[in-house]
Amino acid sequence: MNKKEKIADKRSALFHATLTLVHNRGFHDAPMNKIAKLAGVAPATIYLYFQNKQDLINKLYIEIKTSFSTCAFKDYKEGLSVKEGFEIIWNNIADYKLSKIMEATFLSQCDNTPMIDEEYRKEGLKHLQPLLDLWERGQEEGLIKPLSPFVLYAFTIYPMSFLMAMQERNVYGLTKKTRKEIFQSAWDAISI
């Protein structure tokens, strides 16, 4: 293993350890020494890659947001109708949230915490630009209600976090049928 691979492995191990601890214990019960121990590195090693815990969390956020957006826009093309494009994106996001539970939970936690610096939050928002552009086109075409993208997100994407948590606790299961019904409800919430 060369030096570059060792660095990537340690950085990846630190990201995974942080993700695991935050998922299981929350941001505040994930101190650097526990992260280092779970990653199998000396605590001082963290500071070779990150300035502090805040820097580690911010960079993990961008890493996961990038993975999320890659999945979200898979098979999406700009020329599709607004509803068709949104359905592809919505289902991709549902797939991500249901298959990458720790990552999806982390992103939800990041939405509700001051832990993420504003510059990283804005960078993370850029990863959603194709969806924001689609909604804007839908508004221009008179198909989507003239609401803020935050409201559109709250009514269409954010509920998946709740449903994902219910499925993880075995309270509610998402079948193909219920997913179609949920998508239709999301579309109905924002369409004119």
# chains A, B, ... in the order shown; residues from 1 in each chain; ligands from 1

call {"tool": "residues_around", "arguments": {"residues": "A:Gln129", "least_positions_apart": "4", "cutoff": "12 Å", "atoms": "only C-alpha atoms", "output": "PyMOL selection string"}}
result
chain A and resi 66+69-70+72-73+78+89+122-125+133-136+149

call {"tool": "write_last_selection", "arguments": {"atoms": "C-alpha atoms", "output": "PDB file, in the first residue's frame"}}
result
ATOM      1  CA  THR A  66     -21.843  14.445  -2.571  1.00  0.00           C
ATOM      2  CA  SER A  69     -26.566  13.922  -4.777  1.00  0.00           C
ATOM      3  CA  THR A  70     -24.821  11.375  -7.027  1.00  0.00           C
ATOM      4  CA  ALA A  72     -30.362  11.457  -6.213  1.00  0.00           C
ATOM      5  CA  PHE A  73     -29.695  12.489  -9.806  1.00  0.00           C
ATOM      6  CA  GLU A  78     -33.161  17.841 -17.816  1.00  0.00           C
ATOM      7  CA  ILE A  89     -35.230  12.160  -8.201  1.00  0.00           C
ATOM      8  CA  LYS A 122     -24.350  26.472   1.379  1.00  0.00           C
ATOM      9  CA  GLU A 123     -21.943  24.175  -0.455  1.00  0.00           C
ATOM     10  CA  GLY A 124     -24.174  21.231   0.458  1.00  0.00           C
ATOM     11  CA  LEU A 125     -27.191  23.079  -0.942  1.00  0.00           C
ATOM     12  CA  ASP A 133     -33.784  24.047 -11.050  1.00  0.00           C
ATOM     13  CA  LEU A 134     -36.494  21.471 -11.777  1.00  0.00           C
ATOM     14  CA  TRP A 135     -38.818  23.019  -9.203  1.00  0.00           C
ATOM     15  CA  GLU A 136     -38.136  26.482 -10.612  1.00  0.00           C
ATOM     16  CA  PRO A 149     -37.556  25.671  -2.204  1.00  0.00           C
TER      17      PRO A 149
END

call {"tool": "residues_around", "arguments": {"residues": "stretch 104-121 of chain A", "least_positions_apart": "6", "cutoff": "8 Å", "atoms": "only C-alpha atoms", "output": "PyMOL selection string"}}
result
chain A and resi 19+22-23+54+57-58+61-62+64-65+96-97+161

call {"tool": "atom_distance", "arguments": {"atom1": "atom CA of A:Ile192", "atom2": "atom CA of A:Leu143"}}
result
5.4 Å

call {"tool": "select_by_dssp", "arguments": {"residues": "stretch 32-110 of chain A", "states": "alpha helix (DSSP H)", "output": "MDAnalysis selection string"}}
result
chainID A and resid 32:39 43:49 53:72 82:99 101:110

call {"tool": "write_last_selection", "arguments": {"atoms": "C-alpha atoms", "output": "PDB file, in the first residue's frame"}}
result
ATOM      1  CA  MET A  32     -12.255  12.908  19.149  1.00  0.00           C
ATOM      2  CA  ASN A  33     -10.705  10.212  21.375  1.00  0.00           C
ATOM      3  CA  LYS A  34     -13.678   7.874  20.741  1.00  0.00           C
ATOM      4  CA  ILE A  35     -13.508   8.616  17.009  1.00  0.00           C
ATOM      5  CA  ALA A  36      -9.783   7.809  16.968  1.00  0.00           C
ATOM      6  CA  LYS A  37     -10.271   4.603  18.958  1.00  0.00           C
ATOM      7  CA  LEU A  38     -13.072   3.365  16.699  1.00  0.00           C
ATOM      8  CA  ALA A  39     -11.026   4.288  13.598  1.00  0.00           C
ATOM      9  CA  PRO A  43      -5.883  10.564  18.586  1.00  0.00           C
ATOM     10  CA  ALA A  44      -3.130  12.860  17.281  1.00  0.00           C
ATOM     11  CA  THR A  45      -3.548  11.296  13.814  1.00  0.00           C
ATOM     12  CA  ILE A  46      -6.925  13.015  13.428  1.00  0.00           C
ATOM     13  CA  TYR A  47      -5.185  16.386  13.478  1.00  0.00           C
ATOM     14  CA  LEU A  48      -3.043  15.408  10.491  1.00  0.00           C
ATOM     15  CA  TYR A  49      -6.233  15.323   8.405  1.00  0.00           C
ATOM     16  CA  LYS A  53     -13.923  18.134  15.293  1.00  0.00           C
ATOM     17  CA  GLN A  54     -15.842  20.909  13.548  1.00  0.00           C
ATOM     18  CA  ASP A  55     -13.635  20.544  10.460  1.00  0.00           C
ATOM     19  CA  LEU A  56     -14.094  16.758  10.523  1.00  0.00           C
ATOM     20  CA  ILE A  57     -17.896  17.054  10.763  1.00  0.00           C
ATOM     21  CA  ASN A  58     -18.058  19.708   8.012  1.00  0.00           C
ATOM     22  CA  LYS A  59     -15.955  17.623   5.622  1.00  0.00           C
ATOM     23  CA  LEU A  60     -17.906  14.465   6.412  1.00  0.00           C
ATOM     24  CA  TYR A  61     -21.096  16.411   5.679  1.00  0.00           C
ATOM     25  CA  ILE A  62     -19.812  17.420   2.219  1.00  0.00           C
ATOM     26  CA  GLU A  63     -18.583  13.881   1.525  1.00  0.00           C
ATOM     27  CA  ILE A  64     -22.011  12.411   2.340  1.00  0.00           C
ATOM     28  CA  LYS A  65     -23.881  15.217   0.566  1.00  0.00           C
ATOM     29  CA  THR A  66     -21.843  14.445  -2.571  1.00  0.00           C
ATOM     30  CA  SER A  67     -22.711  10.740  -2.334  1.00  0.00           C
ATOM     31  CA  PHE A  68     -26.359  11.647  -1.734  1.00  0.00           C
ATOM     32  CA  SER A  69     -26.566  13.922  -4.777  1.00  0.00           C
ATOM     33  CA  THR A  70     -24.821  11.375  -7.027  1.00  0.00           C
ATOM     34  CA  CYS A  71     -27.537   8.890  -6.084  1.00  0.00           C
ATOM     35  CA  ALA A  72     -30.362  11.457  -6.213  1.00  0.00           C
ATOM     36  CA  VAL A  82     -41.287  18.164 -14.421  1.00  0.00           C
ATOM     37  CA  LYS A  83     -43.329  15.400 -12.800  1.00  0.00           C
ATOM     38  CA  GLU A  84     -41.350  12.625 -14.481  1.00  0.00           C
ATOM     39  CA  GLY A  85     -38.024  14.198 -13.492  1.00  0.00           C
ATOM     40  CA  PHE A  86     -39.207  14.788  -9.956  1.00  0.00           C
ATOM     41  CA  GLU A  87     -40.425  11.190  -9.647  1.00  0.00           C
ATOM     42  CA  ILE A  88     -36.999   9.871 -10.673  1.00  0.00           C
ATOM     43  CA  ILE A  89     -35.230  12.160  -8.201  1.00  0.00           C
ATOM     44  CA  TRP A  90     -37.723  11.427  -5.430  1.00  0.00           C
ATOM     45  CA  ASN A  91     -37.385   7.650  -5.863  1.00  0.00           C
ATOM     46  CA  ASN A  92     -33.592   7.888  -5.984  1.00  0.00           C
ATOM     47  CA  ILE A  93     -33.638   9.853  -2.733  1.00  0.00           C
ATOM     48  CA  ALA A  94     -35.965   7.278  -1.191  1.00  0.00           C
ATOM     49  CA  ASP A  95     -33.597   4.496  -2.296  1.00  0.00           C
ATOM     50  CA  TYR A  96     -30.652   6.347  -0.746  1.00  0.00           C
ATOM     51  CA  LYS A  97     -32.439   7.004   2.529  1.00  0.00           C
ATOM     52  CA  LEU A  98     -33.567   3.390   2.817  1.00  0.00           C
ATOM     53  CA  SER A  99     -30.260   1.792   1.836  1.00  0.00           C
ATOM     54  CA  ILE A 101     -29.548   4.711   6.819  1.00  0.00           C
ATOM     55  CA  MET A 102     -26.546   6.011   8.787  1.00  0.00           C
ATOM     56  CA  GLU A 103     -25.695   8.517   6.069  1.00  0.00           C
ATOM     57  CA  ALA A 104     -29.312   9.632   5.679  1.00  0.00           C
ATOM     58  CA  THR A 105     -29.697   9.994   9.434  1.00  0.00           C
ATOM     59  CA  PHE A 106     -26.481  12.007   9.568  1.00  0.00           C
ATOM     60  CA  LEU A 107     -27.771  14.390   6.880  1.00  0.00           C
ATOM     61  CA  SER A 108     -31.064  14.777   8.767  1.00  0.00           C
ATOM     62  CA  GLN A 109     -29.167  15.526  11.957  1.00  0.00           C
ATOM     63  CA  CYS A 110     -27.079  18.090  10.067  1.00  0.00           C
TER      64      CYS A 110
END

call {"tool": "closest_residue", "arguments": {"among": "A:Ser185, A:Ser81, A:Gln139, A:Asn170", "to": "A:Thr156", "atoms": "only C-alpha atoms"}}
result
A:Ser185
